[in-house]
>>> print(open('structure-v2.tsv').read())   # TSV, C-alpha atoms
chain	number	residue	atom	x	y	z
A	1	MET	CA	11.54	4.25	44.66
A	2	GLU	CA	11.90	7.18	47.04
A	3	HIS	CA	11.22	10.72	45.83
A	4	ASN	CA	12.36	13.95	47.44
A	5	TYR	CA	9.39	15.91	46.08
A	6	ALA	CA	7.61	18.34	48.38
A	7	ASN	CA	4.77	19.36	46.06
A	8	GLY	CA	3.54	18.87	42.50
A	9	TYR	CA	0.76	17.76	40.13
A	10	ARG	CA	-0.47	14.55	38.60
A	11	PHE	CA	-0.47	14.19	34.82
A	12	TYR	CA	-1.83	11.59	32.43
A	13	ASN	CA	0.04	10.66	29.26
A	14	GLY	CA	-2.37	9.63	26.49
A	15	GLY	CA	0.41	8.99	23.96
A	16	GLU	CA	3.76	7.27	23.66
A	17	LYS	CA	6.39	7.03	26.38
A	18	ILE	CA	8.71	10.01	26.99
A	19	ASP	CA	12.00	9.67	28.89
A	20	GLU	CA	14.16	12.78	29.38
A	21	GLN	CA	16.43	14.50	31.89
A	22	TRP	CA	15.71	18.09	32.90
A	23	PRO	CA	18.48	20.15	34.53
A	24	PHE	CA	18.04	22.37	37.61
A	25	SER	CA	20.42	24.31	39.86
A	26	ILE	CA	21.19	22.55	43.13
A	27	SER	CA	21.49	24.30	46.50
A	28	PRO	CA	24.84	25.06	48.23
A	29	THR	CA	24.17	22.38	50.84
A	30	SER	CA	23.53	19.68	48.23
A	31	ALA	CA	26.11	17.03	47.46
A	32	GLY	CA	28.10	17.91	44.37
A	33	PHE	CA	27.81	21.68	44.76
A	34	ASN	CA	30.99	23.49	43.67
A	35	PRO	CA	31.45	26.79	45.52
A	36	GLU	CA	34.43	27.82	43.38
A	37	ASP	CA	32.68	27.86	40.00
A	38	GLY	CA	31.59	31.51	40.20
A	39	GLN	CA	27.88	31.65	39.36
A	40	GLY	CA	27.34	27.97	40.08
A	41	ALA	CA	26.96	27.16	36.38
A	42	HIS	CA	28.32	23.66	36.88
A	43	SER	CA	26.36	22.96	40.06
A	44	ILE	CA	23.34	21.40	38.45
A	45	GLY	CA	21.23	18.35	39.08
A	46	LYS	CA	19.16	16.19	36.74
A	47	PHE	CA	15.45	15.46	37.08
A	48	ASN	CA	14.36	12.26	35.35
A	49	PHE	CA	11.16	13.11	33.50
A	50	ILE	CA	9.55	9.77	32.64
A	51	ALA	CA	6.01	9.68	31.22
A	52	PRO	CA	4.91	6.07	30.64
A	53	LYS	CA	2.57	5.26	27.77
A	54	ARG	CA	-1.11	5.79	28.68
A	55	SER	CA	-0.32	6.10	32.38
A	56	TRP	CA	-0.36	8.56	35.25
A	57	LEU	CA	2.79	10.35	36.41
A	58	PHE	CA	3.75	12.87	39.06
A	59	VAL	CA	5.58	16.09	38.16
A	60	PRO	CA	7.00	18.08	41.09
A	61	SER	CA	6.83	21.84	41.49
A	62	GLU	CA	9.30	21.75	44.40
A	63	ILE	CA	12.43	19.65	44.87
A	64	GLN	CA	14.41	19.17	48.07
A	65	SER	CA	18.09	19.83	47.41
A	66	GLY	CA	20.37	19.43	50.44
A	67	ASN	CA	18.78	21.31	53.35
A	68	GLU	CA	16.70	23.56	51.05
A	69	ILE	CA	13.50	23.17	49.04
A	70	LEU	CA	13.84	24.56	45.52
A	71	ARG	CA	10.98	25.91	43.46
A	72	VAL	CA	10.95	24.47	39.91
A	73	ASN	CA	8.62	25.07	36.95
A	74	PHE	CA	8.40	21.46	35.82
A	75	PRO	CA	4.55	21.34	35.76
A	76	GLU	CA	4.43	24.44	33.56
A	77	ASP	CA	7.20	23.05	31.37
A	78	THR	CA	5.30	19.78	30.99
A	79	ARG	CA	2.13	21.53	29.87
A	80	ARG	CA	4.03	23.83	27.49
A	81	LYS	CA	6.23	21.15	25.88
A	82	TYR	CA	3.99	18.10	25.86
A	83	GLY	CA	0.41	19.31	26.23
A	84	ARG	CA	-0.17	19.01	22.49
A	85	ARG	CA	1.18	15.44	22.63
A	86	GLY	CA	-1.54	14.34	25.02
A	87	ILE	CA	0.00	14.90	28.48
A	88	VAL	CA	-2.74	16.57	30.55
A	89	MET	CA	-2.55	17.90	34.10
A	90	LEU	CA	-5.12	17.13	36.81
A	91	ASP	CA	-6.14	20.44	38.40
A	92	PRO	CA	-9.40	20.46	40.43
A	93	ARG	CA	-9.40	24.27	40.39
A	94	HIS	CA	-9.73	24.46	36.60
A	95	ASP	CA	-13.17	25.31	35.20
A	96	PRO	CA	-13.67	24.15	31.55
A	97	ALA	CA	-16.36	26.84	31.12
A	98	THR	CA	-13.64	29.52	31.23
A	99	GLU	CA	-11.87	28.12	28.16
A	100	ASP	CA	-11.98	30.16	24.96
A	101	PRO	CA	-13.66	28.01	22.25
A	102	ASP	CA	-11.81	29.93	19.51
A	103	LYS	CA	-8.42	28.78	20.79
A	104	PRO	CA	-7.02	25.33	19.95
A	105	LEU	CA	-7.58	22.59	22.51
A	106	GLU	CA	-3.83	22.23	23.09
A	107	THR	CA	-3.97	25.64	24.81
A	108	TYR	CA	-5.70	23.95	27.76
A	109	PRO	CA	-3.87	20.68	28.61
A	110	LEU	CA	-5.58	20.36	31.98
A	111	ALA	CA	-8.91	19.20	33.43
A	112	PRO	CA	-10.59	19.08	36.87
A	113	THR	CA	-11.35	15.32	37.10
A	114	GLU	CA	-9.48	12.13	36.26
A	115	ASP	CA	-12.07	11.06	33.65
A	116	LEU	CA	-11.89	14.43	31.88
A	117	VAL	CA	-8.09	14.33	32.00
A	118	ILE	CA	-7.96	10.91	30.32
A	119	GLU	CA	-10.55	11.96	27.73
A	120	ARG	CA	-8.72	15.19	26.84
A	121	ALA	CA	-5.37	13.42	26.71
A	122	GLY	CA	-6.73	10.97	24.12
A	123	ILE	CA	-8.18	13.77	21.98
A	124	LEU	CA	-4.95	15.80	22.06
A	125	TRP	CA	-2.87	12.75	21.15
A	126	ASP	CA	-5.14	11.97	18.19
A	127	LEU	CA	-4.96	15.60	16.99
A	128	PHE	CA	-1.17	15.47	17.29
A	129	LEU	CA	-0.98	12.38	15.07
A	130	ASP	CA	-3.36	13.92	12.53
A	131	GLY	CA	-1.18	17.03	12.34
A	132	ILE	CA	1.94	14.99	11.59
A	133	CYS	CA	0.17	12.93	8.91
A	134	SER	CA	-1.39	15.99	7.28
A	135	ALA	CA	1.95	17.79	7.14
A	136	HIS	CA	3.50	14.78	5.39
A	137	PHE	CA	0.64	14.56	2.87
A	138	GLU	CA	1.04	18.27	2.05
A	139	ASP	CA	4.78	17.82	1.49
A	140	VAL	CA	4.11	14.93	-0.90
A	141	GLN	CA	1.46	16.88	-2.81
A	142	ASN	CA	3.66	19.99	-3.12
A	143	ALA	CA	6.61	17.95	-4.39
A	144	MET	CA	4.52	16.16	-7.02
A	145	SER	CA	2.79	19.36	-8.15
A	146	GLN	CA	6.22	20.83	-8.93
A	147	GLY	CA	7.30	17.74	-10.84
A	148	ASN	CA	9.69	16.58	-8.10
A	149	ARG	CA	10.01	13.16	-6.53
A	150	PRO	CA	8.26	13.04	-3.12
A	151	ARG	CA	10.23	12.02	-0.06
A	152	ALA	CA	9.02	9.00	1.87
A	153	ALA	CA	8.13	9.31	5.55
A	154	SER	CA	10.85	8.78	8.14
A	155	GLY	CA	11.28	8.68	11.90
A	156	PHE	CA	8.19	9.26	14.02
A	157	THR	CA	6.11	10.11	10.92
A	158	ILE	CA	6.19	6.42	9.92
A	159	HIS	CA	4.89	5.51	13.37
A	160	ALA	CA	2.15	8.17	13.18
A	161	LEU	CA	0.95	6.92	9.78
A	162	LYS	CA	0.83	3.38	11.12
A	163	LEU	CA	-1.12	4.38	14.23
A	164	LYS	CA	-3.68	6.28	12.13
A	165	GLY	CA	-3.96	3.47	9.56
A	166	TYR	CA	-2.70	5.59	6.65
A	167	ARG	CA	-0.47	4.41	3.81
A	168	ASP	CA	2.46	6.56	2.77
A	169	PRO	CA	1.69	7.91	-0.75
A	170	ALA	CA	5.34	8.84	-1.30
A	171	ALA	CA	6.52	5.30	-0.52
A	172	GLU	CA	3.89	3.84	-2.86
A	173	TYR	CA	4.85	6.30	-5.59
A	174	LEU	CA	8.54	5.37	-5.34
A	175	GLN	CA	7.65	1.67	-5.25
A	176	GLY	CA	5.60	2.09	-8.43
A	177	MET	CA	8.52	3.85	-10.13
A	178	ARG	CA	10.89	1.02	-9.19
A	179	GLU	CA	8.50	-1.65	-10.46
A	180	GLY	CA	7.92	0.27	-13.70
A	181	ARG	CA	11.66	0.63	-14.22
A	182	ASN	CA	12.14	-3.11	-13.73
A	183	GLY	CA	9.42	-3.90	-16.28
A	184	SER	CA	7.00	-5.39	-13.78
A	185	SER	CA	3.37	-4.44	-13.36
A	186	PRO	CA	2.53	-1.68	-10.90
A	187	SER	CA	1.76	-2.73	-7.36
A	188	GLN	CA	-1.86	-3.58	-6.70
A	189	GLY	CA	-1.57	-1.84	-3.35
A	190	THR	CA	-1.23	1.56	-4.99
A	191	SER	CA	-4.20	3.66	-3.97
A	192	PRO	CA	-6.57	5.03	-6.65
A	193	GLU	CA	-6.13	8.49	-5.14
A	194	LEU	CA	-2.40	8.40	-5.82
A	195	LEU	CA	-2.88	7.15	-9.38
A	196	GLY	CA	-5.42	9.88	-10.03
A	197	MET	CA	-3.02	12.46	-8.67
A	198	VAL	CA	-0.23	11.25	-10.93
A	199	ARG	CA	-2.49	11.31	-14.01
A	200	ALA	CA	-3.65	14.83	-13.15
A	201	MET	CA	-0.04	15.99	-12.83
A	202	GLN	CA	0.85	14.49	-16.19
A	203	GLU	CA	-2.08	16.19	-17.93
A	204	GLN	CA	-1.20	19.50	-16.29
A	205	ASN	CA	2.42	19.21	-17.47
A	206	GLN	CA	1.28	18.46	-21.02
A	207	LEU	CA	-0.94	21.54	-21.10
A	208	MET	CA	1.85	23.73	-19.74
A	209	MET	CA	4.27	22.35	-22.32
A	210	SER	CA	1.82	23.22	-25.10
A	211	VAL	CA	1.65	26.83	-23.89
A	212	VAL	CA	5.45	27.10	-23.61
A	213	LEU	CA	5.99	25.70	-27.12
A	214	ALA	CA	3.41	28.07	-28.58
A	215	ILE	CA	5.09	31.08	-26.96
A	216	ALA	CA	8.58	29.94	-27.96
A	217	SER	CA	7.58	29.50	-31.61
A	218	GLY	CA	5.92	32.90	-31.78
A	219	GLN	CA	2.47	31.48	-32.34
A	220	LYS	CA	-0.69	32.96	-30.91
A	221	VAL	CA	-1.73	31.11	-27.76
A	222	ASP	CA	-5.24	29.72	-27.93
A	223	PRO	CA	-7.40	31.27	-25.15
A	224	GLU	CA	-9.09	27.89	-24.65
A	225	LEU	CA	-5.69	26.37	-23.90
A	226	LEU	CA	-4.97	29.01	-21.27
A	227	LYS	CA	-8.40	28.41	-19.76
A	228	ALA	CA	-7.65	24.69	-19.60
A	229	VAL	CA	-4.37	25.33	-17.74
A	230	ALA	CA	-6.12	27.65	-15.27
A	231	ASN	CA	-8.87	25.12	-14.61
A	232	ARG	CA	-6.33	22.36	-14.06
A	233	GLY	CA	-4.38	24.50	-11.62
A	234	ASN	CA	-7.54	25.35	-9.67
A	235	GLY	CA	-8.66	21.72	-9.54
A	236	GLY	CA	-11.68	22.43	-11.73
A	237	PRO	CA	-13.32	20.03	-14.15
A	238	LYS	CA	-11.38	18.88	-17.14
A	239	PRO	CA	-12.28	21.09	-20.13
A	240	GLU	CA	-12.64	19.82	-23.65
A	241	PRO	CA	-9.44	20.18	-25.71
A	242	PRO	CA	-9.50	23.10	-28.17
A	243	LYS	CA	-10.59	22.13	-31.65
A	244	PRO	CA	-8.14	22.75	-34.52
A	245	PRO	CA	-9.12	25.52	-36.95
A	246	VAL	CA	-11.14	24.39	-39.97
A	247	VAL	CA	-9.09	24.65	-43.17
A	248	PRO	CA	-11.13	25.68	-46.28
A	249	GLU	CA	-11.23	23.13	-49.06
A	250	ASN	CA	-9.94	25.63	-51.64
A	251	ALA	CA	-7.05	26.85	-49.50
A	252	GLY	CA	-3.99	27.66	-51.63
A	253	VAL	CA	-6.03	27.72	-54.91
A	254	MET	CA	-6.54	30.88	-56.92
A	255	GLU	CA	-9.79	31.11	-58.83
A	256	VAL	CA	-10.39	33.71	-61.58
A	257	ASP	CA	-13.58	34.11	-63.61
A	258	GLY	CA	-13.26	32.53	-67.05
A	259	THR	CA	-10.06	30.61	-66.16
A	260	PRO	CA	-9.64	27.12	-64.80
A	261	LYS	CA	-8.74	26.64	-61.11
A	262	THR	CA	-4.99	26.55	-60.62
A	263	SER	CA	-2.98	26.49	-57.47
A	264	LEU	CA	-0.64	29.29	-56.53
A	265	GLU	CA	2.36	26.97	-56.77
A	266	GLU	CA	1.42	25.97	-60.30
A	267	ARG	CA	1.10	29.61	-61.40
A	268	ILE	CA	4.52	30.46	-59.97
A	269	SER	CA	6.23	27.46	-61.57
A	270	ARG	CA	4.79	28.02	-65.04
A	271	ARG	CA	7.45	28.86	-67.61
A	272	GLU	CA	5.17	30.56	-70.14
A	273	VAL	CA	3.39	33.75	-69.19
A	274	GLY	CA	0.63	35.53	-71.14
A	275	TYR	CA	1.87	39.03	-70.43
A	276	GLU	CA	5.05	40.99	-71.11
A	277	THR	CA	7.23	42.48	-68.42
A	278	ALA	CA	7.77	46.18	-67.96
A	279	PRO	CA	11.35	46.22	-69.38
A	280	ALA	CA	10.14	44.54	-72.60
A	281	ARG	CA	7.38	47.12	-73.02
A	282	VAL	CA	9.32	50.38	-72.43
A	283	GLY	CA	12.89	49.22	-73.02
A	284	GLY	CA	15.89	49.24	-70.79
A	285	ARG	CA	17.31	52.00	-68.62
A	286	GLN	CA	19.08	53.89	-71.42
A	287	GLU	CA	16.02	53.76	-73.71
A	288	ARG	CA	13.83	55.17	-70.94
A	289	ALA	CA	16.31	58.01	-70.34
A	290	LYS	CA	16.36	58.95	-74.07
A	291	ALA	CA	12.57	58.90	-74.19
A	292	ALA	CA	12.36	61.23	-71.22
A	293	VAL	CA	14.84	63.71	-72.78
A	294	LYS	CA	12.86	63.68	-76.05
A	295	GLU	CA	9.62	64.44	-74.29
A	296	LEU	CA	11.19	67.35	-72.41
>>> encode(input="structure-v2.tsv", output="structure tokens")
Amino acid sequence: MEHNYANGYRFYNGGEKIDEQWPFSISPTSAGFNPEDGQGAHSIGKFNFIAPKRSWLFVPSEIQSGNEILRVNFPEDTRRKYGRRGIVMLDPRHDPATEDPDKPLETYPLAPTEDLVIERAGILWDLFLDGICSAHFEDVQNAMSQGNRPRAASGFTIHALKLKGYRDPAAEYLQGMREGRNGSSPSQGTSPELLGMVRAMQEQNQLMMSVVLAIASGQKVDPELLKAVANRGNGGPKPEPPKPPVVPENAGVMEVDGTPKTSLEERISRREVGYETAPARVGGRQERAKAAVKEL
């Protein structure tokens, strides 16, 4: 196929195929130019940007349009948009020793030789897939830590997990819920890491519920229980559950020297008492008033 490119750069795509169309303004002498559209907003052409999978491609920096040669920024656009996806430019003038080691590798999607270009393209593509998988794992963990149902991977994330050889923990979690609801045994493909995560979430929720119930009922919250919740939240080791307070054997029993042991309930419910009440000893209200007048 013929190309009307005057100048440009070679790139290597270390990842999946990309097929897009990039617009650019055509010259007045190019076919399709509309001189009556004011600023020429509708006089645009389309550049077919096609980056085959694990292959070399040419990206022009100049395009011939009509009788003119137009300067375009397609090489810079390629590095900016797709450098992190493993599309690296071949530039013999670039010196890798001038790269800042503190900056991410995607900042420099270019290399001076073909071998270095292919090597860097593979590394950037692998880092790109790792970033997508890690972001999905963090979303699943955040959803489960808040007691929500995680969302299974979709779109390109499914492809990234497959390329990296990872299983989707959200999909396995939802599959386990469906099998448990149908009364069947959990899937044997469920990873031990996911099961451990679910058990940890359940224990954390139980501890939090204990604290909430204690506060709601007006009871004093056990410091050991709060320590257990803090350790669970920080991913620390599982503490021993707080021991219940020891109840004395004679709790609720009143003991007086020279008298047999009787419980408080028995003393309250007794009908016969061995002492007289104050009204029986000094009389009623009127009798007490007369006695006070007499004394005065």
>>> residues_near_point(input="structure-v2.tsv", point="(6.0, 15.8, -6.3)", cutoff="10 Å", atoms="all atoms listed in the file", output="ChimeraX atom specification")
/A:139-151,170,173,197-198,201
>>> atom_distance(input="structure-v2.tsv", atom1="CA of Ala152 (chain A)", atom2="CA of Asp168 (chain A)")
7.1 Å
>>> residues_near_point(input="structure-v2.tsv", point="(9.3, 25.1, 34.8)", cutoff="12 Å", atoms="all atoms listed in the file", output="list in words")
Gly8, Trp22, Pro23, Phe24, Phe47, Val59, Pro60, Ser61, Glu62, Ile63, Leu70, Arg71, Val72, Asn73, Phe74, Pro75, Glu76, Asp77, Thr78, Arg79, Arg80 and Lys81 of chain A
>>> closest_residue(input="structure-v2.tsv", among="A:Ser134, A:Ser154, A:Asn7, A:Ser43", to="Tyr166 (chain A)", atoms="all atoms listed in the file")
A:Ser134
>>> residues_around(input="structure-v2.tsv", residues="Glu68 (chain A)", least_positions_apart="5", cutoff="9 Å", atoms="only C-alpha atoms", output="ChimeraX atom specification")
/A:27-30,63
